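Data from model-v8.cif: mmCIF, C-alpha atoms and all ligand atoms
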data_my_file
loop_
_atom_site.label_atom_id
_atom_site.label_comp_id
_atom_site.auth_asym_id
_atom_site.auth_seq_id
_atom_site.Cartn_x
_atom_site.Cartn_y
_atom_site.Cartn_z
CA MET A 18 84.49 129.64 61.00
CA LYS A 19 86.83 130.10 63.97
CA ILE A 20 85.56 128.74 67.27
CA ASN A 21 87.35 129.97 70.38
CA PRO A 22 87.54 128.10 73.68
CA VAL A 23 84.75 129.06 76.08
CA ARG A 24 85.84 131.84 78.49
CA GLY A 25 87.50 130.39 81.59
CA THR A 26 88.37 127.07 79.93
CA HIS A 27 91.76 126.08 78.57
CA ASP A 28 93.49 123.31 76.65
CA PHE A 29 96.29 121.31 78.24
CA PHE A 30 99.36 120.46 76.17
CA GLY A 31 103.18 120.47 76.14
CA GLU A 32 104.87 121.29 79.44
CA GLU A 33 101.54 121.77 81.24
CA ILE A 34 100.26 118.29 80.48
CA LYS A 35 103.58 116.78 81.61
CA LYS A 36 103.19 118.62 84.91
CA PHE A 37 99.54 117.61 85.13
CA ASN A 38 100.47 113.95 84.70
CA LYS A 39 103.20 114.25 87.30
CA VAL A 40 100.67 115.65 89.78
CA ILE A 41 98.33 112.72 89.14
CA THR A 42 101.17 110.18 89.51
CA GLU A 43 102.30 111.71 92.82
CA VAL A 44 98.71 111.93 94.11
CA LYS A 45 98.25 108.20 93.48
CA GLU A 46 101.59 107.41 95.07
CA VAL A 47 100.88 109.42 98.23
CA ALA A 48 97.32 108.02 98.42
CA LYS A 49 98.76 104.51 98.37
CA ARG A 50 101.16 105.31 101.20
CA PHE A 51 98.37 106.73 103.36
CA ALA A 52 95.95 103.92 102.34
CA PHE A 53 93.26 106.09 100.69
CA ASN A 54 91.18 104.36 97.98
CA GLU A 55 90.35 105.99 94.67
CA LEU A 56 86.75 107.05 94.04
CA SER A 57 85.60 108.66 90.80
CA THR A 58 82.14 110.24 90.61
CA PRO A 59 80.07 111.66 87.71
CA ILE A 60 80.72 115.18 86.51
CA PHE A 61 77.07 116.13 87.00
CA GLU A 62 74.72 115.45 89.90
CA SER A 63 71.23 116.51 91.04
CA SER A 64 71.42 120.19 91.96
CA GLU A 65 70.04 119.56 95.46
CA LEU A 66 73.28 117.77 96.35
CA PHE A 67 75.05 121.13 96.33
CA LYS A 68 72.49 123.79 97.28
CA LYS A 69 72.04 123.30 100.99
CA PRO A 70 75.45 121.86 101.99
CA LEU A 71 77.50 124.55 100.28
CA GLY A 72 75.37 127.30 101.82
CA ASP A 73 72.43 129.23 100.42
CA HIS A 74 74.45 132.41 100.74
CA SER A 75 77.81 131.17 99.50
CA ASP A 76 79.14 132.59 96.25
CA VAL A 77 79.44 129.08 94.84
CA VAL A 78 75.71 128.50 95.15
CA LEU A 79 74.50 132.02 94.45
CA LYS A 80 76.52 132.90 91.39
CA GLU A 81 78.82 130.18 90.26
CA MET A 82 76.99 126.94 89.58
CA TYR A 83 76.39 125.63 86.06
CA THR A 84 72.83 124.43 86.55
CA PHE A 85 70.37 123.35 83.86
CA ASN A 86 67.21 121.33 83.38
CA ASP A 87 67.62 118.24 81.27
CA ARG A 88 64.87 117.06 78.91
CA ASN A 89 62.64 115.55 81.58
CA LYS A 90 63.05 118.71 83.68
CA ASP A 91 65.44 117.19 86.26
CA GLU A 92 67.65 119.94 87.64
CA ILE A 93 71.27 119.04 87.08
CA THR A 94 74.49 120.81 88.18
CA LEU A 95 78.04 120.36 86.92
CA ARG A 96 79.91 119.59 90.13
CA PRO A 97 81.51 122.74 91.60
CA GLU A 98 83.44 120.66 94.18
CA TYR A 99 84.14 117.06 95.07
CA THR A 100 83.35 116.61 98.80
CA THR A 101 79.56 116.40 98.46
CA PRO A 102 79.69 114.02 95.43
CA MET A 103 82.15 111.80 97.33
CA ILE A 104 79.80 111.66 100.31
CA ARG A 105 76.86 110.93 97.98
CA ALA A 106 78.86 108.12 96.37
CA ALA A 107 79.95 106.73 99.75
CA ILE A 108 76.30 106.61 100.85
CA SER A 109 75.02 105.22 97.51
CA ASN A 110 77.57 102.41 97.53
CA GLY A 111 77.42 101.51 101.23
CA PHE A 112 81.01 102.55 101.96
CA LEU A 113 80.03 104.08 105.29
CA ASN A 114 79.29 100.68 106.84
CA ASN A 115 82.96 100.16 107.48
CA LEU A 116 84.61 103.14 109.17
CA PRO A 117 86.87 105.00 108.90
CA ALA A 118 86.48 105.19 105.12
CA LYS A 119 89.29 107.04 103.33
CA PHE A 120 88.93 108.12 99.71
CA PHE A 121 90.64 110.28 97.14
CA GLY A 122 89.80 111.40 93.61
CA THR A 123 90.85 113.83 90.92
CA GLY A 124 88.77 115.46 88.21
CA GLN A 125 87.20 118.52 86.65
CA MET A 126 85.07 120.97 88.62
CA PHE A 127 83.01 123.86 87.25
CA ARG A 128 82.45 127.32 88.74
CA ARG A 129 81.31 130.38 86.84
CA GLU A 130 83.85 132.71 88.45
CA ARG A 131 85.58 135.69 86.88
CA PRO A 132 88.58 134.11 85.13
CA GLN A 133 92.07 135.29 86.09
CA LYS A 134 95.51 133.82 86.74
CA GLY A 135 94.95 130.54 88.65
CA ARG A 136 91.16 130.83 88.37
CA TYR A 137 89.18 129.05 85.67
CA ARG A 138 85.57 128.10 85.04
CA GLN A 139 86.58 124.50 84.39
CA PHE A 140 89.46 123.42 86.59
CA ASN A 141 90.89 120.23 88.10
CA GLN A 142 90.88 119.33 91.76
CA ILE A 143 92.63 116.72 93.85
CA ASN A 144 90.41 115.65 96.70
CA PHE A 145 91.09 113.62 99.86
CA GLU A 146 88.32 112.73 102.33
CA ASN A 147 88.30 110.74 105.57
CA PHE A 148 84.79 109.78 106.71
CA GLY A 149 83.86 108.65 110.21
CA SER A 150 86.57 109.68 112.66
CA ASN A 151 86.39 112.20 115.48
CA ASP A 152 90.02 111.56 116.37
CA TYR A 153 92.05 114.72 115.91
CA PHE A 154 94.80 112.54 114.46
CA ALA A 155 92.61 112.31 111.31
CA ASP A 156 93.11 116.10 110.92
CA ILE A 157 96.85 115.77 111.37
CA GLU A 158 97.03 112.83 108.97
CA ILE A 159 95.21 114.69 106.21
CA ILE A 160 97.33 117.83 106.64
CA CYS A 161 100.50 115.73 106.71
CA LEU A 162 99.40 114.00 103.49
CA ALA A 163 98.85 117.37 101.77
CA ASN A 164 102.23 118.59 102.99
CA ILE A 165 104.05 115.52 101.66
CA LEU A 166 102.31 115.79 98.30
CA LEU A 167 103.08 119.50 97.89
CA LYS A 168 106.72 118.95 98.86
CA LYS A 169 107.06 116.43 96.03
CA LEU A 170 105.74 118.95 93.52
CA ILE A 171 106.91 122.43 94.52
CA PRO A 172 109.69 123.97 96.65
CA ASP A 173 108.57 124.27 100.33
CA SER A 174 109.76 127.85 100.41
CA LEU A 175 106.79 128.82 98.21
CA ILE A 176 104.10 127.47 100.55
CA THR A 177 102.71 128.39 103.98
CA LEU A 178 100.19 126.35 105.92
CA HIS A 179 97.49 128.47 107.60
CA ILE A 180 95.30 126.89 110.27
CA ASN A 181 92.42 127.91 112.51
CA SER A 182 89.66 126.28 114.53
CA LEU A 183 85.99 127.15 114.14
CA GLY A 184 84.65 125.04 117.04
CA THR A 185 81.23 123.43 116.76
CA LYS A 186 78.43 124.51 114.39
CA GLU A 187 76.66 126.00 117.46
CA ASN A 188 79.70 128.10 118.41
CA LEU A 189 79.92 129.23 114.85
CA SER A 190 76.30 130.29 114.74
CA ASP A 191 76.75 132.39 117.97
CA TYR A 192 79.92 133.85 116.55
CA LYS A 193 78.20 134.83 113.28
CA LYS A 194 75.63 136.86 115.25
CA VAL A 195 78.34 138.67 117.22
CA LEU A 196 80.30 139.30 114.03
CA SER A 197 77.24 140.57 112.21
CA ASN A 198 76.54 143.04 115.04
CA PHE A 199 80.17 144.14 115.11
CA PHE A 200 80.24 144.84 111.38
CA THR A 201 76.84 146.58 111.51
CA ASP A 202 78.26 148.96 114.13
CA ASN A 203 81.33 149.55 111.95
CA GLN A 204 79.81 149.59 108.47
CA LYS A 205 81.33 152.95 107.66
CA TYR A 206 84.78 151.32 107.56
CA LEU A 207 83.72 148.50 105.24
CA SER A 208 83.77 148.17 101.45
CA LYS A 209 80.42 148.03 99.65
CA GLU A 210 80.96 144.38 98.81
CA SER A 211 81.48 143.49 102.48
CA ILE A 212 78.48 145.54 103.65
CA ASN A 213 76.30 143.32 101.47
CA LYS A 214 77.53 140.27 103.40
CA ILE A 215 76.90 141.59 106.94
CA HIS A 216 73.57 139.82 107.36
CA THR A 217 73.94 136.98 104.89
CA ASN A 218 77.49 135.72 105.30
CA PRO A 219 79.55 137.81 107.78
CA LEU A 220 82.29 135.14 107.95
CA ARG A 221 83.23 135.88 104.34
CA ILE A 222 84.06 139.47 105.28
CA LEU A 223 86.99 138.06 107.28
CA ASP A 224 88.78 136.85 104.17
CA SER A 225 87.93 139.92 102.10
CA LYS A 226 90.73 140.80 99.67
CA ASN A 227 89.63 144.44 99.74
CA ALA A 228 92.33 146.61 101.39
CA GLU A 229 89.61 148.97 102.67
CA ASP A 230 88.32 146.24 105.02
CA ASN A 231 91.67 145.30 106.57
CA GLU A 232 91.77 147.64 109.55
CA ILE A 233 88.33 146.81 110.84
CA ILE A 234 88.82 143.07 110.26
CA LYS A 235 91.90 143.23 112.50
CA LYS A 236 89.73 144.60 115.32
CA SER A 237 86.83 142.15 114.81
CA PRO A 238 85.95 139.46 117.41
CA LYS A 239 87.80 136.18 116.87
CA ILE A 240 86.19 132.73 116.67
CA ILE A 241 88.87 131.24 118.91
CA ASP A 242 87.34 133.15 121.86
CA PHE A 243 84.01 131.39 121.30
CA ILE A 244 85.06 127.75 121.25
CA SER A 245 84.79 125.33 124.19
CA LYS A 246 87.68 124.19 126.40
CA THR A 247 87.63 120.65 124.97
CA ASP A 248 87.75 121.94 121.39
CA LEU A 249 90.50 124.35 122.32
CA ASN A 250 92.51 121.45 123.80
CA ASN A 251 92.08 119.35 120.66
CA TYR A 252 93.20 122.30 118.61
CA LYS A 253 96.28 122.69 120.85
CA GLU A 254 97.11 119.00 120.35
CA ILE A 255 96.86 119.46 116.58
CA LYS A 256 99.27 122.39 116.69
CA LYS A 257 101.63 120.43 118.93
CA SER A 258 101.62 117.44 116.58
CA LEU A 259 102.30 119.66 113.58
CA THR A 260 105.28 121.09 115.43
CA ASP A 261 106.47 117.57 116.34
CA LEU A 262 106.14 116.57 112.69
CA GLU A 263 108.14 119.68 111.72
CA ILE A 264 105.31 121.00 109.56
CA PRO A 265 105.55 124.79 109.91
CA PHE A 266 102.22 126.61 110.19
CA PHE A 267 100.79 130.05 110.71
CA GLU A 268 97.77 130.48 112.96
CA ASN A 269 95.37 132.61 110.95
CA LEU A 270 92.52 133.72 113.22
CA ASN A 271 90.56 135.04 110.23
CA LEU A 272 90.65 131.79 108.28
CA VAL A 273 87.03 130.61 107.89
CA ARG A 274 86.91 128.98 104.38
CA GLY A 275 84.39 129.79 101.68
CA LEU A 276 81.91 126.91 101.95
CA ASP A 277 79.29 126.62 104.69
CA TYR A 278 79.91 123.09 105.87
CA TYR A 279 83.07 123.59 107.96
CA CYS A 280 83.57 123.36 111.74
CA HIS A 281 86.55 122.69 114.06
CA THR A 282 89.88 122.52 112.18
CA VAL A 283 90.20 124.50 108.94
CA PHE A 284 93.41 124.90 106.95
CA GLU A 285 94.85 126.25 103.72
CA PHE A 286 98.20 125.84 102.00
CA LYS A 287 98.88 129.26 100.51
CA THR A 288 101.55 130.83 98.35
CA ASN A 289 102.65 134.40 97.79
CA GLN A 290 103.47 133.70 94.14
CA LEU A 291 100.05 133.77 92.50
CA GLY A 292 98.48 137.13 93.35
CA SER A 293 94.95 136.98 94.71
CA GLN A 294 94.34 133.30 93.82
CA ASP A 295 96.79 132.28 96.51
CA THR A 296 95.26 129.10 97.98
CA LEU A 297 96.63 125.87 96.58
CA ILE A 298 94.86 123.50 98.96
CA GLY A 299 91.96 124.16 101.31
CA GLY A 300 90.03 121.95 103.68
CA GLY A 301 88.87 121.09 107.15
CA ARG A 302 86.27 119.23 109.24
CA TYR A 303 82.64 119.02 108.26
CA ASP A 304 80.72 117.30 111.06
CA GLY A 305 77.00 117.12 110.20
CA LEU A 306 77.46 117.24 106.42
CA ILE A 307 77.21 113.47 105.89
CA LYS A 308 73.97 113.39 107.92
CA MET A 309 72.60 116.35 105.97
CA LEU A 310 73.12 114.35 102.78
CA GLY A 311 71.15 111.37 104.11
CA GLY A 312 74.01 109.36 105.62
CA LYS A 313 74.89 108.41 109.19
CA ASP A 314 75.62 111.09 111.76
CA ILE A 315 79.38 110.75 111.42
CA PRO A 316 82.10 113.37 111.08
CA GLY A 317 84.46 113.93 108.18
CA VAL A 318 87.64 115.77 107.34
CA GLY A 319 89.30 116.44 104.00
CA TRP A 320 90.78 118.86 101.54
CA ALA A 321 90.88 119.80 97.89
CA GLY A 322 93.75 121.25 95.87
CA GLY A 323 93.66 123.09 92.57
CA ILE A 324 95.85 121.30 90.04
CA GLU A 325 96.14 124.33 87.71
CA ARG A 326 97.46 126.46 90.61
CA ILE A 327 99.95 123.80 91.68
CA ILE A 328 101.18 123.50 88.08
CA LEU A 329 101.87 127.25 87.96
CA LEU A 330 104.49 126.73 90.69
CA MET A 331 106.11 123.55 89.37
CA LYS A 332 109.55 123.51 87.78
CA LYS A 333 110.05 122.51 84.14
CA ILE A 334 110.01 118.73 83.73
CA ILE A 335 113.01 117.44 81.84
CA GLN A 336 111.83 114.29 80.18
CA LYS A 337 113.29 112.14 77.43
CA ASN A 338 110.52 112.20 74.87
CA SER A 339 111.81 109.36 72.81
CA GLU A 340 114.64 107.01 73.69
CA VAL A 341 115.21 105.86 70.11
CA HIS A 342 114.83 107.96 66.98
CA LEU A 343 114.71 106.20 63.62
CA ALA A 344 116.75 107.73 60.78
CA ILE A 345 115.56 105.99 57.62
CA LEU A 346 117.76 107.31 54.83
CA ASN A 347 115.34 106.70 52.00
CA SER A 348 111.75 105.45 51.87
CA ASN A 349 112.99 102.30 50.05
CA TYR A 350 114.33 101.07 53.42
CA LYS A 351 111.02 101.29 55.25
CA ASN A 352 110.49 97.52 55.18
CA HIS A 353 113.88 96.90 56.78
CA ALA A 354 113.18 99.65 59.37
CA ILE A 355 109.85 98.08 60.32
CA LYS A 356 111.76 95.07 61.72
CA ILE A 357 113.72 97.15 64.25
CA TYR A 358 110.71 99.37 64.98
CA ASP A 359 108.55 96.38 65.89
CA PHE A 360 111.38 94.72 67.83
CA LEU A 361 112.15 97.78 69.98
CA ILE A 362 108.52 98.59 70.73
CA ASN A 363 107.94 95.00 71.81
CA ASN A 364 110.93 95.33 74.12
CA ASN A 365 109.44 98.42 75.83
CA PHE A 366 111.51 101.09 74.12
CA SER A 367 109.95 104.37 73.11
CA VAL A 368 110.58 104.80 69.36
CA PHE A 369 109.93 107.82 67.13
CA TRP A 370 109.29 107.29 63.38
CA ASN A 371 109.55 110.75 61.83
CA TYR A 372 108.42 110.24 58.15
CA LYS A 373 111.36 112.36 56.90
CA TYR A 374 113.57 109.70 55.17
CA ASN A 375 116.54 112.05 55.39
CA LEU A 376 119.59 111.73 57.67
CA LYS A 377 120.18 115.41 58.35
CA LYS A 378 116.57 116.14 59.22
CA SER A 379 116.35 112.99 61.35
CA LEU A 380 119.48 113.90 63.28
CA SER A 381 118.27 117.38 64.08
CA LEU A 382 114.80 116.10 65.11
CA ALA A 383 116.39 113.43 67.31
CA ASN A 384 118.38 116.13 69.13
CA GLU A 385 115.34 118.33 69.47
CA LYS A 386 113.42 115.45 71.03
CA ASN A 387 116.27 114.56 73.40
CA ALA A 388 116.52 111.03 72.01
CA LYS A 389 119.18 108.77 73.51
CA TYR A 390 119.96 106.78 70.35
CA LEU A 391 119.62 107.23 66.63
CA VAL A 392 119.02 104.00 64.69
CA ILE A 393 120.19 104.49 61.11
CA VAL A 394 118.59 102.38 58.37
CA GLY A 395 120.11 102.70 54.87
CA GLU A 396 121.59 100.75 51.95
CA ASN A 397 124.41 99.10 53.96
CA GLU A 398 122.09 98.07 56.76
CA LYS A 399 119.65 96.54 54.30
CA ILE A 400 122.39 94.57 52.48
CA ASN A 401 124.05 93.36 55.69
CA ASN A 402 120.74 92.79 57.50
CA ASN A 403 121.84 94.92 60.44
CA PHE A 404 121.22 98.38 61.96
CA THR A 405 123.57 101.22 62.85
CA ILE A 406 123.12 102.64 66.33
CA LYS A 407 124.47 106.09 67.17
CA ASN A 408 124.71 106.97 70.85
CA LEU A 409 123.68 110.62 70.83
CA SER A 410 125.28 111.51 74.15
CA ASN A 411 128.86 110.44 73.23
CA GLY A 412 128.66 110.11 69.42
CA ASP A 413 129.73 106.41 69.37
CA GLN A 414 128.41 104.46 66.43
CA ILE A 415 128.14 100.70 65.89
CA SER A 416 126.41 98.36 63.42
CA LEU A 417 124.68 95.35 64.99
CA ASN A 418 122.29 92.66 63.95
CA ILE A 419 118.94 92.56 65.70
CA ASP A 420 119.94 89.82 68.19
CA ASN A 421 122.75 91.93 69.68
CA ILE A 422 120.92 95.23 69.85
CA LEU A 423 119.22 94.76 73.23
CA ASP A 424 122.52 94.09 75.01
CA TYR A 425 123.96 97.25 73.52
CA LEU A 426 120.98 99.50 74.31
CA LYS A 427 120.70 98.27 77.91
P1 LIG B 501 87.66 125.23 97.78
O1 LIG B 501 88.46 126.11 98.67
O2 LIG B 501 86.43 125.80 97.20
O3 LIG B 501 87.34 123.94 98.64
O4 LIG B 501 88.57 124.71 96.60
C1 LIG B 501 89.79 124.02 96.86
C2 LIG B 501 90.87 124.43 95.90
O5 LIG B 501 90.43 124.29 94.55
C3 LIG B 501 91.27 125.90 95.99
O6 LIG B 501 92.18 126.09 97.04
C4 LIG B 501 91.92 126.12 94.64
O7 LIG B 501 93.25 125.65 94.63
C5 LIG B 501 91.08 125.26 93.73
N1 LIG B 501 90.08 126.08 93.04
C6 LIG B 501 88.88 126.50 93.50
N2 LIG B 501 88.24 127.24 92.58
C7 LIG B 501 89.06 127.30 91.50
C8 LIG B 501 88.99 127.90 90.19
N3 LIG B 501 87.92 128.58 89.82
N4 LIG B 501 90.03 127.75 89.33
C9 LIG B 501 91.13 127.03 89.70
N5 LIG B 501 91.25 126.44 90.89
C10 LIG B 501 90.24 126.57 91.80
C11 LIG B 501 86.61 122.88 98.19
O8 LIG B 501 86.31 122.69 97.04
C12 LIG B 501 86.28 121.89 99.29
N6 LIG B 501 85.46 120.82 98.72
C13 LIG B 501 87.57 121.34 99.90
C14 LIG B 501 87.34 120.29 100.91
C15 LIG B 501 87.46 118.94 100.74
N7 LIG B 501 86.99 120.48 102.17
C16 LIG B 501 86.86 119.31 102.80
N8 LIG B 501 87.13 118.38 101.92
#

Written as structure tokens, how would this file's structure read?
Amino acid sequence: MKINPVRGTHDFFGEEIKKFNKVITEVKEVAKRFAFNELSTPIFESSELFKKPLGDHSDVVLKEMYTFNDRNKDEITLRPEYTTPMIRAAISNGFLNNLPAKFFGTGQMFRRERPQKGRYRQFNQINFENFGSNDYFADIEIICLANILLKKLIPDSLITLHINSLGTKENLSDYKKVLSNFFTDNQKYLSKESINKIHTNPLRILDSKNAEDNEIIKKSPKIIDFISKTDLNNYKEIKKSLTDLEIPFFENLNLVRGLDYYCHTVFEFKTNQLGSQDTLIGGGRYDGLIKMLGGKDIPGVGWAGGIERIILLMKKIIQKNSEVHLAILNSNYKNHAIKIYDFLINNNFSVFWNYKYNLKKSLSLANEKNAKYLVIVGENEKINNNFTIKNLSNGDQISLNIDNILDYLK
């Protein structure tokens, strides 16, 4: 019986897992610098946590959630995103009593989308959230954090930051009506897929990937013309600060984001290297969401990044797999080899025992694994109670007893 992986899932190994681990290490490092605390939430939650906040008409809710009833008929959903679970956890654990509260987390998300390059049904997200601050510096801080993280992982030349402002929820609701009317009047220029969204989710037409829609989208009303003077000023300050921080950005007047909870600043770090799945990181403000989920009426701002997409753009990681490779010439010398094996491991060396008991095979494996040293254990070593160390970068070879080995290897 051959069982294949479920469509849209994938196994991580080799180069990919090295890159994955590097992403996690850098995320933790950057989080520490910006003083965000780690928060890990369950992979499944009550379905109601996602339905309303993500939008009754959003694709995520309509088509993509893995929802099921467990044995006592509770409706459960595998988390499709991390913002709502983080808010739920912050409320459940009383973290919102001390504001601002800054959290980050990484983990698997689940969306039943059509799989393609950079798009999976189970994928990993990095998530940063800042709860409780209206200060526009919170927006700058979170964008700056994303920028620093991406720079550590991929060349800047591959990424562009897109930003826009959506104003308040009220502005957005007025804008949606105007947009809906505009697209109704111009339906003949729209793709079938976009026509279906005119009355349910007209904002999503703006980021349609369908070439047919492009011309009419260019002529559509822009949200920026609907937002108040104060919001416009805040938005100007954000752009000014990004310029001061030398973070290049592109003002994308059609950027609206795919989930319903956004308002004010929205942003995406995009690349032109991945075809249609071109957003590495997406986020923005979500005033009102925390209250909707039963918390205080406080604002929030954050982002999520797709680890699989980031990995696709990372360079190969050159890593020494094993510092020391053991070449045991014959299985009779195993007991002598165990002494050096145990000694090196206890002194924090990485040691590879290859089960070959053959010099030639051990040498070629050691080279394949990029080992720094080969420790040879044979007849002479056993008789003299020492070990022969071969430096694989310059070929030098020396026999030493165990007490002198550390000095040589360091
Ligand atoms: P999102 O735009 O739905 O936002 O997802 C964020 C990122 O997750 C995307 O830019 C992409 O890199 C990755 N991603 C999404 N779907 C997939 C998939 N099927 N396969 C691989 N990667 C994927 C959110 O999830 C919001 N919660 C972001 C946020 C946090 N907003 C405020 N705080």

What's around Lys209 in chain A at 12 Å? Count only C-alpha atoms, leave out sequence neighbours fewer than 5 positions away in its own chain, and write the answer as an mmCIF file with C-alpha atoms, in the coordinates of the input.
data_model
loop_
_atom_site.group_PDB
_atom_site.id
_atom_site.type_symbol
_atom_site.label_atom_id
_atom_site.label_comp_id
_atom_site.auth_asym_id
_atom_site.auth_seq_id
_atom_site.Cartn_x
_atom_site.Cartn_y
_atom_site.Cartn_z
ATOM 1 C CA GLN A 204 79.810 149.590 108.470
ATOM 2 C CA LYS A 214 77.530 140.270 103.400
ATOM 3 C CA ILE A 215 76.900 141.590 106.940
ATOM 4 C CA ILE A 222 84.060 139.470 105.280
ATOM 5 C CA SER A 225 87.930 139.920 102.100
ATOM 6 C CA ASN A 227 89.630 144.440 99.740
ATOM 7 C CA GLU A 229 89.610 148.970 102.670
ATOM 8 C CA ASP A 230 88.320 146.240 105.020
#

Taking only C-alpha atoms and all ligand atoms into account, produce a table as a tab-separated table in which each residue of chain A with an atom at most 7 Å from an atom of ligand LIG 501 (chain B) appears once, together with its shortest atom pair and the distance in Å to one decimal, ordered by chain and rising number.
residue	atom	partner	partner_atom	distance
A:Glu98	CA	B:LIG501	O8	4.5
A:Tyr99	CA	B:LIG501	N6	5.4
A:Thr100	CA	B:LIG501	N6	4.7
A:Arg128	CA	B:LIG501	N3	5.7
A:Glu130	CA	B:LIG501	N3	6.0
A:Gly135	CA	B:LIG501	C9	5.3
A:Arg136	CA	B:LIG501	N4	3.4
A:Tyr137	CA	B:LIG501	N4	4.0
A:Arg138	CA	B:LIG501	N3	5.3
A:Gln139	CA	B:LIG501	N4	6.8
A:Phe140	CA	B:LIG501	C9	5.0
A:Asn141	CA	B:LIG501	N5	6.8
A:Gln142	CA	B:LIG501	O5	5.7
A:Asn144	CA	B:LIG501	C15	6.0
A:Phe145	CA	B:LIG501	C15	6.5
A:Glu146	CA	B:LIG501	N8	5.8
A:Arg274	CA	B:LIG501	O1	6.6
A:Gly275	CA	B:LIG501	O1	6.3
A:Leu276	CA	B:LIG501	O2	6.7
A:Thr296	CA	B:LIG501	O6	4.4
A:Leu297	CA	B:LIG501	O7	3.9
A:Ile298	CA	B:LIG501	O6	4.2
A:Gly299	CA	B:LIG501	O6	4.7
A:Gly300	CA	B:LIG501	N7	3.7
A:Gly301	CA	B:LIG501	C16	5.1
A:Arg302	CA	B:LIG501	C16	6.5
A:Tyr303	CA	B:LIG501	C16	6.9
A:Val318	CA	B:LIG501	C16	5.8
A:Gly319	CA	B:LIG501	N8	3.6
A:Trp320	CA	B:LIG501	C15	3.4
A:Ala321	CA	B:LIG501	C13	4.2
A:Gly322	CA	B:LIG501	C2	4.3
A:Gly323	CA	B:LIG501	O7	3.3
A:Ile324	CA	B:LIG501	O7	6.8
A:Glu325	CA	B:LIG501	C9	6.0
A:Arg326	CA	B:LIG501	O7	5.9

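Note that the spacing between CA of Asn54 in chain A and CA of Thr123 in chain A amounts to 11.8 Å.
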
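Note that the spacing between CA of Asp152 in chain A and CA of Pro97 in chain A amounts to 28.5 Å.
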
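Each of A:Val77, A:Ile93, A:Ile315, A:Ala228 was checked against Arg129 in chain A using all atoms listed in the file; the smallest atom-to-atom distance is that of A:Val77.
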
Env of Lys226 in chain A: 12 Å cut, atoms = only C-alpha atoms, seq-sep filter 4 positions within chain, self excluded. Answer as a list of chain:residue names. A:Leu207, A:Ser208, A:Glu210, A:Ser211, A:Arg221, A:Ile222, A:Asp230, A:Asn231, A:Ile234, A:Gly292, A:Ser293, A:Gln294, A:Asp295

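Considering the residues A:Lys377, A:Lys80, A:Lys427, A:Lys313 and counting only C-alpha atoms, Leu361 in chain A has its shortest atom-to-atom contact with A:Lys427.
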
Which residues, written as a VMD selection string, have at least one atom at most 9 Å from Asp304 in chain A, with all atoms listed in the file counted and residues fewer than 3 positions away on the same chain left out? chain A and resid 151 185 to 186 278 to 281 307 to 308 314 to 318

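With only C-alpha atoms as the atoms that count, the minimum distance from Val273 in chain A to the choices A:Asn181, A:Thr201, A:Ser63, A:Ser379 is reached by A:Asn181.
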
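Considering the residues A:Tyr206, A:Tyr252, A:Arg96, A:Thr288 and counting all atoms listed in the file, Glu232 in chain A has its shortest atom-to-atom contact with A:Tyr206.
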
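With only C-alpha atoms as the atoms that count, the residue of A:Thr177, A:Ser245, A:Asn352, A:Gln290 with the shortest distance to Ala163 in chain A is A:Thr177.
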
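Minimum atom-to-atom distance to Phe154 in chain A, evaluated using only C-alpha atoms, belongs to A:Glu254 out of A:Glu254, A:Glu340, A:Glu398, A:Glu187.
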
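Across the model, the gap from CA of Pro70 in chain A to CA of Leu306 in chain A is 6.7 Å.
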
Residues around (105.4, 118.9, 92.5), cut-off 8 Å, counting all atoms listed in the file - what are they as a PyMOL selection string? chain A and resi 36+39-40+43+166-172+327-328+331-332

Do a neighbour search on Ile419 in chain A at 9 Å with only C-alpha atoms, toss out local chain neighbours closer than 3 positions, and write the hits as a VMD selection string. chain A and resid 356 to 357 360 402 to 404 422 to 423
